[in-house]
$ cat input36.txt   # compact mmCIF, C-alpha atoms
# COMPACT_ATOMS: atom_id res chain seq x y z
CA MET A 1 9.52 16.09 11.31
CA SER A 2 6.10 17.72 11.53
CA LEU A 3 3.70 17.84 8.59
CA ALA A 4 0.58 20.03 8.51
CA TYR A 5 -2.31 17.60 8.26
CA TYR A 6 -5.99 17.97 7.40
CA PRO A 7 -8.11 15.00 8.56
CA GLY A 8 -11.64 16.08 7.60
CA CYS A 9 -14.92 15.00 9.19
CA THR A 10 -15.27 11.40 8.08
CA LEU A 11 -11.84 10.33 9.30
CA LYS A 12 -12.73 11.40 12.81
CA THR A 13 -15.86 9.27 12.90
CA ARG A 14 -16.73 6.54 10.37
CA ALA A 15 -13.25 6.18 8.93
CA LYS A 16 -10.97 6.01 11.97
CA ASN A 17 -9.66 2.88 10.28
CA LEU A 18 -8.27 5.11 7.52
CA GLU A 19 -6.78 7.75 9.83
CA GLU A 20 -5.41 5.99 12.90
CA PRO A 21 -3.13 3.54 11.08
CA ALA A 22 -1.78 6.48 9.05
CA VAL A 23 -0.99 8.57 12.12
CA ALA A 24 0.70 5.62 13.85
CA SER A 25 2.63 4.66 10.71
CA MET A 26 3.91 8.16 10.10
CA GLU A 27 4.97 8.38 13.73
CA ALA A 28 6.86 5.13 13.33
CA LEU A 29 8.53 6.59 10.24
CA GLY A 30 9.55 9.70 12.18
CA PHE A 31 6.84 12.11 10.97
CA LYS A 32 4.21 13.80 13.07
CA LEU A 33 0.91 14.48 11.32
CA ASP A 34 0.16 17.82 12.93
CA GLU A 35 -3.54 18.71 12.65
CA VAL A 36 -4.34 22.16 11.32
CA PRO A 37 -5.58 24.23 14.28
CA ARG A 38 -9.35 24.83 14.22
CA TRP A 39 -9.85 23.06 10.91
CA ASN A 40 -13.40 23.04 9.56
CA CYS A 41 -15.28 20.85 7.07
CA CYS A 42 -13.93 21.44 3.57
CA GLY A 43 -17.40 21.16 2.03
CA ALA A 44 -16.77 17.64 0.69
CA VAL A 45 -17.36 18.56 -2.96
CA TYR A 46 -15.84 21.43 -4.88
CA SER A 47 -18.46 23.80 -6.19
CA LEU A 48 -18.60 23.59 -9.98
CA ALA A 49 -20.56 26.78 -10.60
CA ASP A 50 -18.53 29.84 -11.49
CA ASP A 51 -20.52 32.25 -9.31
CA ASP A 52 -20.67 30.05 -6.22
CA LEU A 53 -17.97 31.63 -4.09
CA ILE A 54 -19.60 31.05 -0.72
CA HIS A 55 -18.85 27.31 -0.91
CA ARG A 56 -15.17 28.06 -1.50
CA VAL A 57 -14.89 29.89 1.83
CA ALA A 58 -14.65 26.69 3.88
CA PRO A 59 -11.71 25.10 2.02
CA VAL A 60 -9.87 28.42 1.65
CA ARG A 61 -10.22 29.14 5.37
CA ASN A 62 -8.47 25.85 6.11
CA LEU A 63 -5.65 26.76 3.74
CA ILE A 64 -5.24 30.16 5.40
CA ARG A 65 -4.86 28.41 8.75
CA VAL A 66 -2.09 26.27 7.31
CA LYS A 67 -0.30 29.42 6.18
CA LYS A 68 -0.79 30.91 9.65
CA GLN A 69 0.74 27.74 11.09
CA GLY A 70 3.86 28.68 9.13
CA LYS A 71 3.64 25.58 6.92
CA THR A 72 4.01 25.45 3.16
CA GLU A 73 2.57 22.00 2.56
CA LEU A 74 -0.70 20.39 3.66
CA VAL A 75 -1.07 16.61 3.81
CA THR A 76 -4.50 15.05 3.31
CA LEU A 77 -5.70 11.47 3.58
CA CYS A 78 -9.32 11.60 2.46
CA ALA A 79 -9.62 11.65 -1.33
CA PHE A 80 -12.64 13.99 -1.21
CA CYS A 81 -10.88 16.52 1.03
CA LEU A 82 -7.78 16.43 -1.16
CA ASN A 83 -9.84 17.27 -4.24
CA THR A 84 -11.85 20.07 -2.65
CA LEU A 85 -8.88 21.73 -0.96
CA LYS A 86 -6.65 21.40 -4.02
CA ARG A 87 -9.23 22.84 -6.41
CA ALA A 88 -9.98 25.75 -4.08
CA ASN A 89 -6.25 26.37 -3.79
CA LEU A 90 -5.90 26.42 -7.56
CA LEU A 91 -8.66 29.00 -7.80
CA MET A 92 -6.83 31.22 -5.30
CA ARG A 93 -3.67 30.95 -7.39
CA GLU A 94 -5.21 31.56 -10.78
CA ASP A 95 -8.24 33.85 -10.47
CA ALA A 96 -7.23 37.27 -9.12
CA GLU A 97 -10.76 38.68 -8.99
CA LYS A 98 -12.25 35.76 -7.05
CA ARG A 99 -9.15 35.64 -4.84
CA ASP A 100 -9.68 39.26 -3.81
CA THR A 101 -13.38 38.73 -3.14
CA LEU A 102 -12.69 35.66 -1.00
CA ASN A 103 -9.86 37.31 0.92
CA ASP A 104 -12.05 40.32 1.68
CA PHE A 105 -14.92 38.15 2.82
CA ILE A 106 -12.94 35.69 4.91
CA ASP A 107 -11.06 38.45 6.74
CA GLU A 108 -8.57 36.25 8.60
CA GLY A 109 -6.05 39.04 8.83
CA ILE A 110 -3.70 37.73 6.16
CA ALA A 111 -4.06 37.63 2.41
CA TYR A 112 -3.93 34.23 0.79
CA SER A 113 -3.04 33.49 -2.80
CA GLY A 114 -2.57 29.74 -2.96
CA GLU A 115 0.91 29.55 -1.39
CA VAL A 116 0.26 26.27 0.40
CA LYS A 117 0.87 23.08 -1.56
CA VAL A 118 -1.89 20.51 -1.03
CA VAL A 119 -0.72 16.90 -1.26
CA HIS A 120 -2.01 13.43 -0.55
CA LEU A 121 -0.11 11.15 1.82
CA LEU A 122 0.70 8.86 -1.11
CA GLU A 123 2.59 11.76 -2.70
CA VAL A 124 4.66 12.15 0.47
CA PHE A 125 5.78 8.53 0.06
CA ARG A 126 6.49 8.89 -3.66
CA ASP A 127 8.05 12.37 -3.74
CA ASP A 128 9.57 12.93 -0.29
CA ILE A 129 10.34 9.56 1.28
CA GLY A 130 10.72 7.50 -1.90
CA TRP A 131 9.55 3.95 -2.61
CA GLU A 132 12.95 2.44 -1.97
CA ALA A 133 13.33 4.12 1.43
CA LEU A 134 9.78 3.10 2.35
CA SER A 135 10.42 -0.51 1.40
CA GLN A 136 13.51 -0.53 3.63
CA LYS A 137 11.31 0.35 6.63
CA VAL A 138 9.02 -2.62 6.05
CA LYS A 139 9.24 -5.17 8.86
CA LEU A 140 6.49 -7.49 7.71
CA PRO A 141 6.41 -7.60 3.91
CA LEU A 142 2.92 -8.25 2.56
CA ARG A 143 4.26 -11.20 0.60
CA GLY A 144 1.70 -13.27 -1.20
CA LEU A 145 -1.08 -10.68 -0.91
CA LYS A 146 -2.63 -9.96 -4.30
CA ALA A 147 -4.00 -6.47 -3.81
CA ALA A 148 -5.77 -4.34 -6.41
CA PRO A 149 -5.28 -0.56 -6.16
CA TYR A 150 -8.61 1.24 -6.59
CA TYR A 151 -8.24 4.96 -7.27
CA GLY A 152 -11.83 6.07 -7.78
CA CYS A 153 -12.40 9.62 -9.05
CA THR A 154 -11.16 12.38 -6.83
CA LEU A 155 -7.44 11.51 -6.64
CA LEU A 156 -7.24 11.75 -10.42
CA ARG A 157 -9.90 14.09 -11.76
CA PRO A 158 -9.91 16.80 -12.91
CA ARG A 159 -6.53 16.61 -14.62
CA GLU A 160 -5.17 19.80 -13.02
CA VAL A 161 -5.35 18.34 -9.50
CA ALA A 162 -4.49 14.71 -10.29
CA ILE A 163 -1.85 13.15 -8.05
CA ASP A 164 -0.74 10.87 -10.90
CA ASN A 165 -1.26 10.11 -14.57
CA VAL A 166 -5.00 10.34 -15.18
CA GLU A 167 -5.22 7.43 -17.64
CA ASN A 168 -2.59 5.15 -16.19
CA PRO A 169 -1.98 5.83 -12.51
CA THR A 170 0.70 3.79 -10.75
CA ILE A 171 1.14 5.55 -7.38
CA LEU A 172 -1.01 3.17 -5.34
CA GLY A 173 0.42 0.13 -7.12
CA ASP A 174 3.97 1.37 -6.46
CA PHE A 175 3.03 1.88 -2.82
CA LEU A 176 1.78 -1.71 -2.53
CA LYS A 177 4.91 -2.96 -4.24
CA ALA A 178 7.06 -1.09 -1.70
CA LEU A 179 5.15 -2.88 1.06
CA GLY A 180 5.94 -6.23 -0.53
CA ALA A 181 2.45 -7.01 -1.89
CA SER A 182 1.73 -8.19 -5.42
CA HIS A 183 -0.31 -5.42 -6.94
CA VAL A 184 -2.98 -6.40 -9.39
CA ASP A 185 -3.85 -3.72 -11.93
CA PHE A 186 -7.37 -3.93 -13.28
CA THR A 187 -9.27 -2.07 -15.94
CA GLU A 188 -11.95 -0.44 -13.76
CA SER A 189 -9.60 0.99 -11.13
CA THR A 190 -10.61 4.59 -11.87
CA ARG A 191 -14.33 4.00 -12.45
CA CYS A 192 -16.78 5.89 -10.23
CA CYS A 193 -18.44 3.98 -7.36
CA SER A 194 -21.54 6.28 -7.61
CA SER A 195 -20.23 8.74 -5.03
CA TYR A 196 -22.93 10.92 -3.41
CA GLN A 197 -25.63 9.23 -5.52
CA ILE A 198 -25.92 6.82 -2.57
CA VAL A 199 -27.91 9.57 -0.84
CA SER A 200 -30.55 9.97 -3.55
CA SER A 201 -30.45 6.65 -5.45
CA PRO A 202 -29.31 3.95 -3.02
CA HIS A 203 -30.93 1.23 -5.13
CA ASP A 204 -28.47 1.72 -7.97
CA ILE A 205 -25.43 1.09 -5.79
CA ALA A 206 -24.96 -2.59 -6.69
CA GLU A 207 -24.89 -1.88 -10.40
CA TYR A 208 -22.16 0.72 -9.94
CA ALA A 209 -20.13 -1.61 -7.75
CA ARG A 210 -20.48 -4.67 -9.97
CA PRO A 211 -18.06 -3.79 -12.82
CA ILE A 212 -15.41 -2.56 -10.37
CA LEU A 213 -15.54 -5.62 -8.10
CA SER A 214 -15.89 -8.10 -10.96
CA SER A 215 -12.98 -6.60 -12.84
CA ALA A 216 -10.71 -6.72 -9.77
CA SER A 217 -11.67 -10.33 -9.04
CA SER A 218 -11.28 -11.47 -12.63
CA HIS A 219 -7.77 -10.02 -12.68
CA GLY A 220 -6.93 -12.23 -9.70
CA ALA A 221 -7.15 -9.71 -6.84
CA GLU A 222 -7.76 -11.01 -3.33
CA ALA A 223 -8.44 -7.57 -1.85
CA LEU A 224 -9.32 -4.10 -3.09
CA VAL A 225 -7.16 -1.29 -1.68
CA LEU A 226 -8.98 2.00 -1.07
CA THR A 227 -8.19 5.63 -0.25
CA CYS A 228 -11.72 7.04 0.16
CA PRO A 229 -14.36 6.40 2.86
CA LEU A 230 -17.21 6.91 0.39
CA CYS A 231 -15.77 4.32 -2.01
CA ASP A 232 -15.51 1.99 0.98
CA TYR A 233 -19.15 2.50 1.90
CA ASN A 234 -20.53 2.21 -1.62
CA LEU A 235 -18.47 -0.78 -2.68
CA SER A 236 -19.15 -2.67 0.55
CA ARG A 237 -22.89 -2.05 0.49
CA GLY A 238 -22.91 -2.71 -3.23
CA GLN A 239 -21.26 -6.07 -2.85
CA GLU A 240 -23.55 -7.06 0.01
CA GLU A 241 -26.51 -6.51 -2.33
CA LEU A 242 -24.84 -8.33 -5.18
CA MET A 243 -24.16 -11.34 -2.97
CA LYS A 244 -27.79 -11.38 -1.82
CA LYS A 245 -29.12 -11.19 -5.37
CA HIS A 246 -26.64 -13.47 -7.10
CA SER A 247 -25.47 -16.56 -5.26
CA GLU A 248 -22.54 -16.96 -7.66
CA PHE A 249 -21.18 -13.47 -6.89
CA LYS A 250 -18.17 -13.63 -4.60
CA GLY A 251 -17.29 -10.69 -2.40
CA ILE A 252 -13.83 -9.19 -2.18
CA PRO A 253 -12.36 -7.79 1.05
CA LEU A 254 -11.86 -4.02 1.13
CA VAL A 255 -8.93 -2.51 2.96
CA TYR A 256 -7.49 1.00 3.30
CA PHE A 257 -3.97 1.62 2.06
CA THR A 258 -3.04 2.97 5.50
CA GLN A 259 -4.05 -0.29 7.19
CA LEU A 260 -1.71 -2.25 4.94
CA LEU A 261 1.01 0.30 5.68
CA ALA A 262 0.66 -0.15 9.44
CA LEU A 263 0.74 -3.92 9.12
CA ALA A 264 3.81 -3.83 6.87
CA LEU A 265 5.61 -1.53 9.32
CA GLY A 266 4.99 -4.11 12.03
CA LEU A 267 2.51 -2.07 14.04
CA GLY A 268 0.01 -4.90 14.23
CA PRO A 269 -3.75 -4.91 13.79
CA ARG A 270 -4.64 -2.86 16.88
CA VAL A 271 -4.10 0.51 15.21
CA CYS A 272 -5.96 -0.64 12.08
CA HIS A 273 -9.47 -0.78 13.56
CA PHE A 274 -10.55 -3.64 11.35
CA GLU A 275 -13.81 -3.73 13.31
CA LEU A 276 -14.84 -0.71 11.21
CA ASN A 277 -14.07 -2.42 7.90
CA HIS A 278 -16.65 -3.85 5.59
CA GLY A 279 -16.02 -7.10 3.77
CA SER A 280 -13.88 -8.62 6.59
CA PRO A 281 -10.31 -8.33 5.34
CA GLU A 282 -8.99 -9.89 8.60
CA LEU A 283 -9.74 -13.44 7.45
CA LEU A 284 -7.68 -12.95 4.32
CA LEU A 285 -4.86 -11.17 6.17
CA LYS A 286 -4.79 -13.81 8.89
CA GLY A 287 -4.50 -16.48 6.23
CA LYS A 288 -1.42 -14.68 4.92
CA ASN A 289 0.10 -14.43 8.43
CA LEU A 290 -0.11 -10.65 8.35
CA LEU A 291 -1.94 -10.14 11.65
CA PRO A 292 0.51 -10.63 14.52
CA GLN A 293 -0.52 -9.08 17.83
CA VAL A 294 1.67 -6.10 18.66
CA GLU A 295 0.66 -3.95 21.60
CA SER A 296 2.74 -0.81 21.28
CA VAL A 297 3.97 1.47 18.54
CA GLN A 298 7.72 1.08 18.18
CA PRO A 299 9.63 3.83 16.37
CA ILE A 300 11.55 2.43 13.44
CA GLY A 301 15.20 3.31 13.49
CA GLY A 302 17.28 4.64 10.61
CA MET B 1 -62.18 46.13 -12.36
CA THR B 2 -58.94 47.02 -13.99
CA ARG B 3 -58.01 44.93 -16.96
CA LYS B 4 -54.37 43.97 -17.02
CA ALA B 5 -52.57 44.12 -20.30
CA PRO B 6 -51.86 40.64 -21.64
CA VAL B 7 -48.29 39.53 -21.20
CA THR B 8 -46.75 37.70 -24.10
CA VAL B 9 -43.89 35.44 -23.23
CA SER B 10 -41.68 34.87 -26.19
CA PRO B 11 -40.32 31.31 -26.31
CA LYS B 12 -37.31 32.63 -28.17
CA ARG B 13 -36.48 35.00 -25.38
CA LEU B 14 -36.85 32.27 -22.75
CA ARG B 15 -34.49 30.02 -24.65
CA ARG B 16 -31.87 32.70 -24.92
CA GLU B 17 -32.14 33.36 -21.21
CA PHE B 18 -31.60 29.66 -20.41
CA VAL B 19 -28.55 29.35 -22.65
CA LYS B 20 -27.12 32.53 -21.16
CA LYS B 21 -27.58 31.29 -17.59
CA VAL B 22 -26.03 27.89 -18.33
CA LYS B 23 -23.03 29.60 -19.92
CA GLU B 24 -22.65 32.03 -17.04
CA LEU B 25 -22.87 29.42 -14.30
CA SER B 26 -20.72 26.82 -16.04
CA GLY B 27 -18.20 29.14 -17.63
CA GLN B 28 -18.30 26.79 -20.62
CA ASN B 29 -18.61 27.62 -24.29
CA LEU B 30 -21.37 25.26 -25.39
CA GLN B 31 -20.40 25.67 -29.05
CA LEU B 32 -17.06 23.94 -28.42
CA CYS B 33 -18.70 20.51 -28.40
CA TYR B 34 -18.66 18.63 -31.71
CA GLN B 35 -20.89 15.83 -30.47
CA CYS B 36 -18.34 13.01 -30.69
CA GLY B 37 -20.00 11.22 -27.76
CA LEU B 38 -16.85 10.37 -25.79
CA CYS B 39 -18.57 11.85 -22.72
CA THR B 40 -21.38 9.33 -23.02
CA GLY B 41 -19.00 6.49 -23.81
CA ASN B 42 -16.97 7.19 -20.68
CA CYS B 43 -19.88 7.91 -18.34
CA PRO B 44 -20.41 5.13 -15.77
CA ALA B 45 -23.96 6.39 -15.19
CA ALA B 46 -25.05 6.71 -18.83
CA ALA B 47 -27.09 3.50 -18.69
CA ASN B 48 -29.24 5.04 -15.96
CA MET B 49 -29.81 8.30 -17.82
CA ASP B 50 -32.85 9.01 -19.99
CA ILE B 51 -30.94 11.61 -22.03
CA SER B 52 -27.29 10.87 -22.73
CA PRO B 53 -24.57 13.32 -21.62
CA ARG B 54 -23.80 14.15 -25.26
CA ARG B 55 -27.43 15.06 -25.93
CA ILE B 56 -27.62 17.23 -22.81
CA ILE B 57 -25.02 19.51 -24.39
CA GLU B 58 -26.95 19.67 -27.65
CA LEU B 59 -30.26 20.38 -25.91
CA ALA B 60 -28.62 22.99 -23.67
CA ARG B 61 -27.14 24.95 -26.54
CA LEU B 62 -30.46 24.88 -28.35
CA GLY B 63 -32.04 26.26 -25.20
CA LEU B 64 -34.48 23.38 -24.85
CA GLU B 65 -35.00 23.99 -21.16
CA GLU B 66 -38.20 21.98 -20.78
CA GLU B 67 -36.72 18.81 -22.25
CA ILE B 68 -33.75 19.07 -19.94
CA ALA B 69 -35.83 19.98 -16.89
CA GLY B 70 -38.01 16.89 -17.40
CA SER B 71 -34.99 14.60 -17.59
CA GLN B 72 -33.29 12.60 -14.81
CA THR B 73 -29.86 12.97 -16.34
CA VAL B 74 -28.36 15.84 -14.36
CA TRP B 75 -29.62 14.23 -11.13
CA THR B 76 -28.02 10.92 -12.08
CA CYS B 77 -24.60 12.48 -12.72
CA ALA B 78 -22.17 11.82 -9.86
CA SER B 79 -19.67 14.51 -10.97
CA CYS B 80 -17.02 11.82 -11.42
CA LEU B 81 -15.49 13.88 -14.27
CA ALA B 82 -14.83 10.90 -16.54
CA CYS B 83 -16.43 13.03 -19.30
CA THR B 84 -14.28 16.04 -18.50
CA VAL B 85 -10.90 14.32 -18.63
CA ASN B 86 -11.78 12.45 -21.82
CA CYS B 87 -13.20 15.35 -23.83
CA PRO B 88 -11.04 16.07 -26.90
CA ARG B 89 -12.37 19.65 -26.96
CA GLY B 90 -11.47 20.50 -23.37
CA PHE B 91 -15.13 21.00 -22.57
CA ASP B 92 -16.11 20.51 -18.93
CA LEU B 93 -19.53 18.86 -19.01
CA SER B 94 -19.54 18.40 -15.23
CA LYS B 95 -19.88 22.18 -14.92
CA VAL B 96 -22.82 22.25 -17.31
CA MET B 97 -24.53 19.47 -15.33
CA GLU B 98 -24.00 21.52 -12.16
CA ALA B 99 -25.33 24.68 -13.80
CA ILE B 100 -28.52 22.90 -14.85
CA ARG B 101 -28.97 21.43 -11.37
CA LEU B 102 -28.54 24.85 -9.82
CA LEU B 103 -31.10 26.43 -12.11
CA THR B 104 -33.65 24.18 -10.36
CA LEU B 105 -32.20 24.23 -6.84
CA ARG B 106 -31.93 28.00 -6.78
CA LYS B 107 -35.69 28.23 -7.28
CA ASN B 108 -35.87 26.56 -3.87
CA ILE B 109 -36.94 23.27 -5.41
CA ASP B 110 -35.01 20.56 -3.60
CA ARG B 111 -34.39 17.17 -5.14
CA ILE B 112 -34.30 15.27 -1.84
CA ARG B 113 -35.60 15.97 1.64
CA PRO B 114 -33.07 15.32 4.40
CA GLU B 115 -35.86 14.11 6.67
CA ASP B 116 -36.58 11.29 4.20
CA ILE B 117 -33.19 9.74 4.91
CA SER B 118 -33.83 7.29 7.74
CA PRO B 119 -32.00 7.78 11.05
CA GLU B 120 -30.35 4.38 10.53
CA LYS B 121 -29.06 5.42 7.13
CA ARG B 122 -27.90 8.79 8.46
CA SER B 123 -25.99 7.11 11.25
CA GLU B 124 -24.08 4.82 8.91
CA LEU B 125 -23.42 7.05 5.89
CA PRO B 126 -19.97 8.65 5.86
CA GLN B 127 -20.12 12.41 6.48
CA ILE B 128 -18.73 13.13 3.04
CA ALA B 129 -21.76 11.33 1.56
CA MET B 130 -24.24 13.38 3.58
CA VAL B 131 -22.51 16.71 2.97
CA SER B 132 -21.94 16.15 -0.73
CA GLY B 133 -25.40 14.66 -1.30
CA LEU B 134 -27.13 17.58 0.37
CA ARG B 135 -24.88 20.02 -1.51
CA LYS B 136 -25.85 18.47 -4.85
CA PHE B 137 -29.56 17.83 -4.24
CA THR B 138 -30.74 20.74 -2.12
CA GLY B 139 -30.56 24.49 -2.64

$ encode --input "input36.txt" --output "structure tokens"
Amino acid sequence: MSLAYYPGCTLKTRAKNLEEPAVASMEALGFKLDEVPRWNCCGAVYSLADDDLIHRVAPVRNLIRVKKQGKTELVTLCAFCLNTLKRANLLMREDAEKRDTLNDFIDEGIAYSGEVKVVHLLEVFRDDIGWEALSQKVKLPLRGLKAAPYYGCTLLRPREVAIDNVENPTILGDFLKALGASHVDFTESTRCCSSYQIVSSPHDIAEYARPILSSASSHGAEALVLTCPLCDYNLSRGQEELMKKHSEFKGIPLVYFTQLLALALGLGPRVCHFELNHGSPELLLKGKNLLPQVESVQPIGG
Amino acid sequence: MTRKAPVTVSPKRLRREFVKKVKELSGQNLQLCYQCGLCTGNCPAAANMDISPRRIIELARLGLEEEIAGSQTVWTCASCLACTVNCPRGFDLSKVMEAIRLLTLRKNIDRIRPEDISPEKRSELPQIAMVSGLRKFTG
């Protein structure tokens, strides 16, 4: 089965370790993540000013290309892209005046009014495949791994584009449970990592990271499970600084949810690109016997 | 030499103009806020702000443009929307923060200069950081 898929810029460069295990895992599960033809950058952040239509052109153009592909659903992996595309889509559904202006300007030959449904890969597991069916495909259960799901901001806010309950999300925890891991819920799992502030105020990064990392550790987590490349960057750099400044501060390995998926499906570490990870999760995973060497992607039957 | 007629700028008029622009850009009714402070309580960046998120709303609806313009607050906001989802009045403060940022950026006054980001930093930052940072801090 083929799913229209939007990778976004970061997954093709700095975050191959988020994308490649996802593509391989979906293939093993019998799904092809089919990239939207000629996709362009979504703009990374959704414009919050009412009159700023020009920055909505980029995400809407991507959605039009999905419609032209004949697809009704678009799967995303990057939490930033999901948010930007989903909010732009909502605007096209709900604001007739802005919809007309954007359609006239973009001039792609077809009118678009928000027909495509934008989803995150986690929603495909929850709503289409199902946790039970996913758990039945697991070849190497992540038994003994205490993993804390970290949601960050853009999967859950604003409320109208949230992929789960805003106050008490469970989707990432349920995913980890399906893979056989022990998921550790912690109080700061939806707290902001400082996002794009890393560009203008890099010195504050450790203080943003501290409550998130400390909370996960104090709840007994051995690893923090991420969905967003910017969270990965900020939390890893933040913890490096914290460890330099405070000898008693212990780091916590960071790992993408797609890497754990690939390992659990028995695809081995090769597709996971752990060399791109910060905070060395391999040591922890090796200690749990979760890193067998497997050279080729084997389709999973059933 | 021709003498130009003196121009009197009315502070009242300026204030009204500021409030009007913030409302237009944000699409938010500033009078909705009843100053409960949940926005500040939920803001992960509040400790780094010189004016709290709650006070920004109050200053904005009073039209106190200079006080807001001299503050770091809107440039410290990461648009995480913790304020927005927790507001009991359905007020979207993230849009007001953006409106105030844009009132500066649209005068061609940038907050950061891309060339000040070192090549090493540029090569390691994820693209979403660069794109979103430049979107938020340059006009």

$ interface_residues --input "input36.txt" --of "chain B" --to "chain A" --cutoff "7 Å" --atoms "all atoms listed in the file" --output "number ranges by chain"
B: 25-27, 44, 78, 80-81, 85, 95, 98-99, 112, 126-133

$ atom_distance --input "input36.txt" --atom1 "CA of Asn48 (chain B)" --atom2 "CA of Ala206 (chain A)"
12.7 Å

$ residues_near_point --input "input36.txt" --point "(-31.3, 15.2, -10.3)" --cutoff "12 Å" --atoms "only C-alpha atoms" --output "number ranges by chain"
A: 196-197, 199-201; B: 48-50, 68-79, 97-105, 109-112, 133-138

$ atom_distance --input "input36.txt" --atom1 "CA of Val184 (chain A)" --atom2 "CA of Cys83 (chain B)"
25.6 Å

$ atom_distance --input "input36.txt" --atom1 "CA of Gly90 (chain B)" --atom2 "CA of Cys33 (chain B)"
8.8 Å

$ residues_around --input "input36.txt" --residues "region 272-287 of chain A" --least-positions-apart "2" --cutoff "10 Å" --atoms "all atoms listed in the file" --output "PyMOL selection string"
chain A and resi 14-22+24+142+145+222-224+232-233+235-237+239-240+251-256+258-263+267-270+289-292

$ residues_around --input "input36.txt" --residues "Asn62 (chain A)" --least-positions-apart "3" --cutoff "10 Å" --atoms "only C-alpha atoms" --output "PyMOL selection string"
chain A and resi 6+36-42+57-59+65-68+74+85
